[in-house]
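Raw model27.cif, mmCIF, C-alpha atoms; chains and numbers go by the auth columns:
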```cif
data_query
#
loop_
_atom_site.group_PDB
_atom_site.id
_atom_site.type_symbol
_atom_site.label_atom_id
_atom_site.label_comp_id
_atom_site.label_asym_id
_atom_site.label_seq_id
_atom_site.Cartn_x
_atom_site.Cartn_y
_atom_site.Cartn_z
_atom_site.B_iso_or_equiv
_atom_site.auth_seq_id
_atom_site.auth_asym_id
ATOM 1 C CA MET A 1 0.000 0.000 0.000 0.00 1 N
ATOM 2 C CA ASN A 2 1.213 3.477 -0.774 0.00 2 N
ATOM 3 C CA TYR A 3 0.605 5.133 2.579 0.00 3 N
ATOM 4 C CA ASP A 4 1.951 8.485 1.422 0.00 4 N
ATOM 5 C CA ARG A 5 -0.549 8.622 -1.408 0.00 5 N
ATOM 6 C CA PHE A 6 -3.546 7.746 0.765 0.00 6 N
ATOM 7 C CA PHE A 7 -2.698 9.780 3.848 0.00 7 N
ATOM 8 C CA ALA A 8 -0.774 12.793 2.564 0.00 8 N
ATOM 9 C CA GLY A 9 -2.027 15.964 4.195 0.00 9 N
ATOM 10 C CA HIS A 10 -4.073 14.208 6.878 0.00 10 N
ATOM 11 C CA ALA A 11 -3.692 15.338 10.478 0.00 11 N
ATOM 12 C CA LEU A 12 -1.741 13.173 12.889 0.00 12 N
ATOM 13 C CA LEU A 13 -3.675 10.746 15.044 0.00 13 N
ATOM 14 C CA PRO A 14 -3.575 11.191 18.836 0.00 14 N
ATOM 15 C CA LYS A 15 -0.804 9.462 20.750 0.00 15 N
ATOM 16 C CA GLN A 16 -1.567 6.020 22.136 0.00 16 N
ATOM 17 C CA PRO A 17 -0.580 4.527 25.487 0.00 17 N
ATOM 18 C CA VAL A 18 1.980 1.790 25.970 0.00 18 N
ATOM 19 C CA MET A 19 0.084 -1.247 27.285 0.00 19 N
ATOM 20 C CA SER A 20 0.720 -4.017 29.770 0.00 20 N
ATOM 21 C CA ALA A 21 0.435 -7.695 28.875 0.00 21 N
ATOM 22 C CA GLN A 22 -2.743 -7.907 30.936 0.00 22 N
ATOM 23 C CA SER A 23 -4.343 -4.931 29.184 0.00 23 N
ATOM 24 C CA LEU A 24 -3.528 -6.349 25.754 0.00 24 N
ATOM 25 C CA SER A 25 -4.883 -9.771 26.704 0.00 25 N
ATOM 26 C CA ILE A 26 -8.134 -8.206 27.881 0.00 26 N
ATOM 27 C CA ARG A 27 -8.402 -5.961 24.830 0.00 27 N
ATOM 28 C CA TYR A 28 -7.916 -8.829 22.378 0.00 28 N
ATOM 29 C CA ARG A 29 -9.701 -11.469 24.500 0.00 29 N
ATOM 30 C CA VAL A 30 -6.907 -13.999 24.757 0.00 30 N
ATOM 31 C CA ALA A 31 -5.653 -15.804 27.840 0.00 31 N
ATOM 32 C CA ALA A 32 -2.131 -14.431 27.556 0.00 32 N
ATOM 33 C CA LEU A 33 0.252 -12.814 25.126 0.00 33 N
ATOM 34 C CA GLY A 34 3.977 -13.537 25.186 0.00 34 N
ATOM 35 C CA GLN A 35 6.411 -10.956 26.464 0.00 35 N
ATOM 36 C CA ARG A 36 8.022 -10.659 23.026 0.00 36 N
ATOM 37 C CA THR A 37 4.640 -9.841 21.490 0.00 37 N
ATOM 38 C CA VAL A 38 3.909 -7.248 24.170 0.00 38 N
ATOM 39 C CA ALA A 39 7.376 -5.710 23.802 0.00 39 N
ATOM 40 C CA GLU A 40 7.021 -5.502 20.009 0.00 40 N
ATOM 41 C CA PHE A 41 3.504 -4.041 20.314 0.00 41 N
ATOM 42 C CA ASN A 42 4.834 -1.356 22.651 0.00 42 N
ATOM 43 C CA ARG A 43 7.862 -0.694 20.424 0.00 43 N
ATOM 44 C CA LEU A 44 5.519 -0.083 17.486 0.00 44 N
ATOM 45 C CA THR A 45 3.339 2.131 19.705 0.00 45 N
ATOM 46 C CA THR A 46 6.383 4.196 20.702 0.00 46 N
ATOM 47 C CA LEU A 47 7.342 4.585 17.043 0.00 47 N
ATOM 48 C CA PHE A 48 3.727 5.542 16.261 0.00 48 N
ATOM 49 C CA ASN A 49 3.810 8.223 18.954 0.00 49 N
ATOM 50 C CA SER A 50 7.022 9.710 17.561 0.00 50 N
ATOM 51 C CA ALA A 51 5.936 9.564 13.898 0.00 51 N
ATOM 52 C CA SER A 52 5.864 12.885 12.100 0.00 52 N
ATOM 53 C CA THR A 53 3.451 11.933 9.311 0.00 53 N
ATOM 54 C CA ARG A 54 0.052 10.322 9.178 0.00 54 N
ATOM 55 C CA ALA A 55 1.311 7.890 6.539 0.00 55 N
ATOM 56 C CA THR A 56 3.944 6.564 8.953 0.00 56 N
ATOM 57 C CA GLN A 57 1.373 6.306 11.719 0.00 57 N
ATOM 58 C CA GLU A 58 -0.968 4.292 9.513 0.00 58 N
ATOM 59 C CA MET A 59 1.844 1.966 8.409 0.00 59 N
ATOM 60 C CA LEU A 60 2.797 1.331 12.049 0.00 60 N
ATOM 61 C CA LEU A 61 -0.833 0.704 13.020 0.00 61 N
ATOM 62 C CA ASP A 62 -1.090 -1.876 10.233 0.00 62 N
ATOM 63 C CA LYS A 63 2.118 -3.582 11.380 0.00 63 N
ATOM 64 C CA ARG A 64 0.877 -3.610 14.950 0.00 64 N
ATOM 65 C CA GLN A 65 -2.472 -5.078 13.905 0.00 65 N
ATOM 66 C CA ARG A 66 -0.752 -7.853 11.917 0.00 66 N
ATOM 67 C CA LEU A 67 1.422 -8.630 14.950 0.00 67 N
ATOM 68 C CA ILE A 68 -1.602 -8.972 17.229 0.00 68 N
ATOM 69 C CA LEU A 69 -3.633 -10.984 14.738 0.00 69 N
ATOM 70 C CA HIS A 70 -0.742 -13.421 14.349 0.00 70 N
ATOM 71 C CA ALA A 71 -0.337 -13.724 18.146 0.00 71 N
ATOM 72 C CA VAL A 72 -4.071 -14.260 18.687 0.00 72 N
ATOM 73 C CA ARG A 73 -4.175 -16.847 15.905 0.00 73 N
ATOM 74 C CA GLU A 74 -1.299 -18.741 17.551 0.00 74 N
ATOM 75 C CA GLN A 75 -3.044 -18.590 20.922 0.00 75 N
ATOM 76 C CA VAL A 76 -6.284 -19.964 19.474 0.00 76 N
ATOM 77 C CA GLN A 77 -4.404 -22.796 17.763 0.00 77 N
ATOM 78 C CA GLN A 78 -2.651 -23.681 21.027 0.00 78 N
ATOM 79 C CA ASP A 79 -5.955 -23.643 22.876 0.00 79 N
ATOM 80 C CA GLN A 80 -7.486 -25.949 20.278 0.00 80 N
ATOM 81 C CA LEU A 81 -4.584 -28.394 20.580 0.00 81 N
ATOM 82 C CA LEU A 82 -4.946 -28.486 24.357 0.00 82 N
ATOM 83 C CA ALA A 83 -8.696 -29.027 24.096 0.00 83 N
ATOM 84 C CA ALA A 84 -8.303 -31.967 21.690 0.00 84 N
#
```
Let me see the structure of the file written as structure tokens.
Amino acid sequence: MNYDRFFAGHALLPKQPVMSAQSLSIRYRVAALGQRTVAEFNRLTTLFNSASTRATQEMLLDKRQRLILHAVREQVQQDQLLAA
């Protein structure tokens, strides 16, 4: 996706808080997220908060969403294996 083309001239989004593992687990309704996932989520959030363009913010939000979706998918698969 060409973020610059889609988001050029748009105002920056408000800053977002760094989150704890518990807060992320509650937000995404999973039993637990690994520390590496939480650390990477917060690293992307910190980069988002320091971004100077909306295009960069949107790119980081997309990366963060892919990270969480992958982590949740792994958690669901693990839960299914344990239930079988």
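Checking N:Leu13, N:Phe6, N:Ala55, N:Glu74 one by one against Gly34 in chain N, counting only C-alpha atoms, you find the shortest gap at N:Glu74.
As for CA of Ser20 in chain N and CA of Asn42 in chain N, they are spaced 8.6 Å apart.
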Here is a test: counting all atoms listed in the file, which residue of N:Val72, N:Leu81, N:Leu67, N:Asp62 is nearest to Ala32 in chain N?
N:Val72
Out of N:Val38, N:Thr53, N:Pro17, N:Arg66, which residue has the shortest atom-to-atom distance to Asp4 in chain N when counting only C-alpha atoms?
N:Thr53
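By all atoms listed in the file, and with residues fewer than 3 positions from Met59 in chain N along its chain excluded, the set lying at most 12 Å from it is N:Met1, N:Asn2, N:Tyr3, N:Asp4, N:Phe6, N:Phe7, N:Leu44, N:Thr45, N:Leu47, N:Phe48, N:Ala51, N:Thr53, N:Arg54, N:Ala55, N:Thr56, N:Asp62, N:Lys63, N:Arg64, N:Gln65, N:Arg66.
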Around all the atoms of range 73-84 of chain N listed in the file, draw an axis-aligned box and extend it by 8 Å on each of the six sides; I want its centre and edge lengths in Å to one decimal, as AutoDock Vina command-line options.
```
--center_x -5.0 --center_y -24.4 --center_z 20.1 --size_x 23.4 --size_y 31.1 --size_z 24.5
```
Of N:Gln16, N:Ser50, N:Gln22, N:Gln57, the one sitting nearest Gln35 in chain N when using all atoms listed in the file is N:Gln22
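The two atoms in question, CA of Thr37 in chain N and CA of Arg73 in chain N, are spaced 12.6 Å apart.
In this model, the gap between CA of Ala11 in chain N and CA of Leu60 in chain N comes to 15.5 Å.
Distances here use all atoms listed in the file; by that measure, the residue among N:Leu24, N:Gln77, N:Pro14, N:Ala8 closest to Phe41 in chain N is N:Leu24.
Here the PyMOL selection byres ((chain N and resi 31) around 12) matches the residues Ala21, Gln22, Ser23, Leu24, Ser25, Ile26, Arg27, Tyr28, Arg29, Val30, Ala32, Leu33, Gly34, Ala71, Val72, Glu74, Gln75, Val76, Gln78 and Asp79 of chain N.
Shortest atom-to-atom contact with Ala39 in chain N among N:Glu58, N:Gly9, N:Gln80, N:Ile68: N:Ile68, counting all atoms listed in the file.
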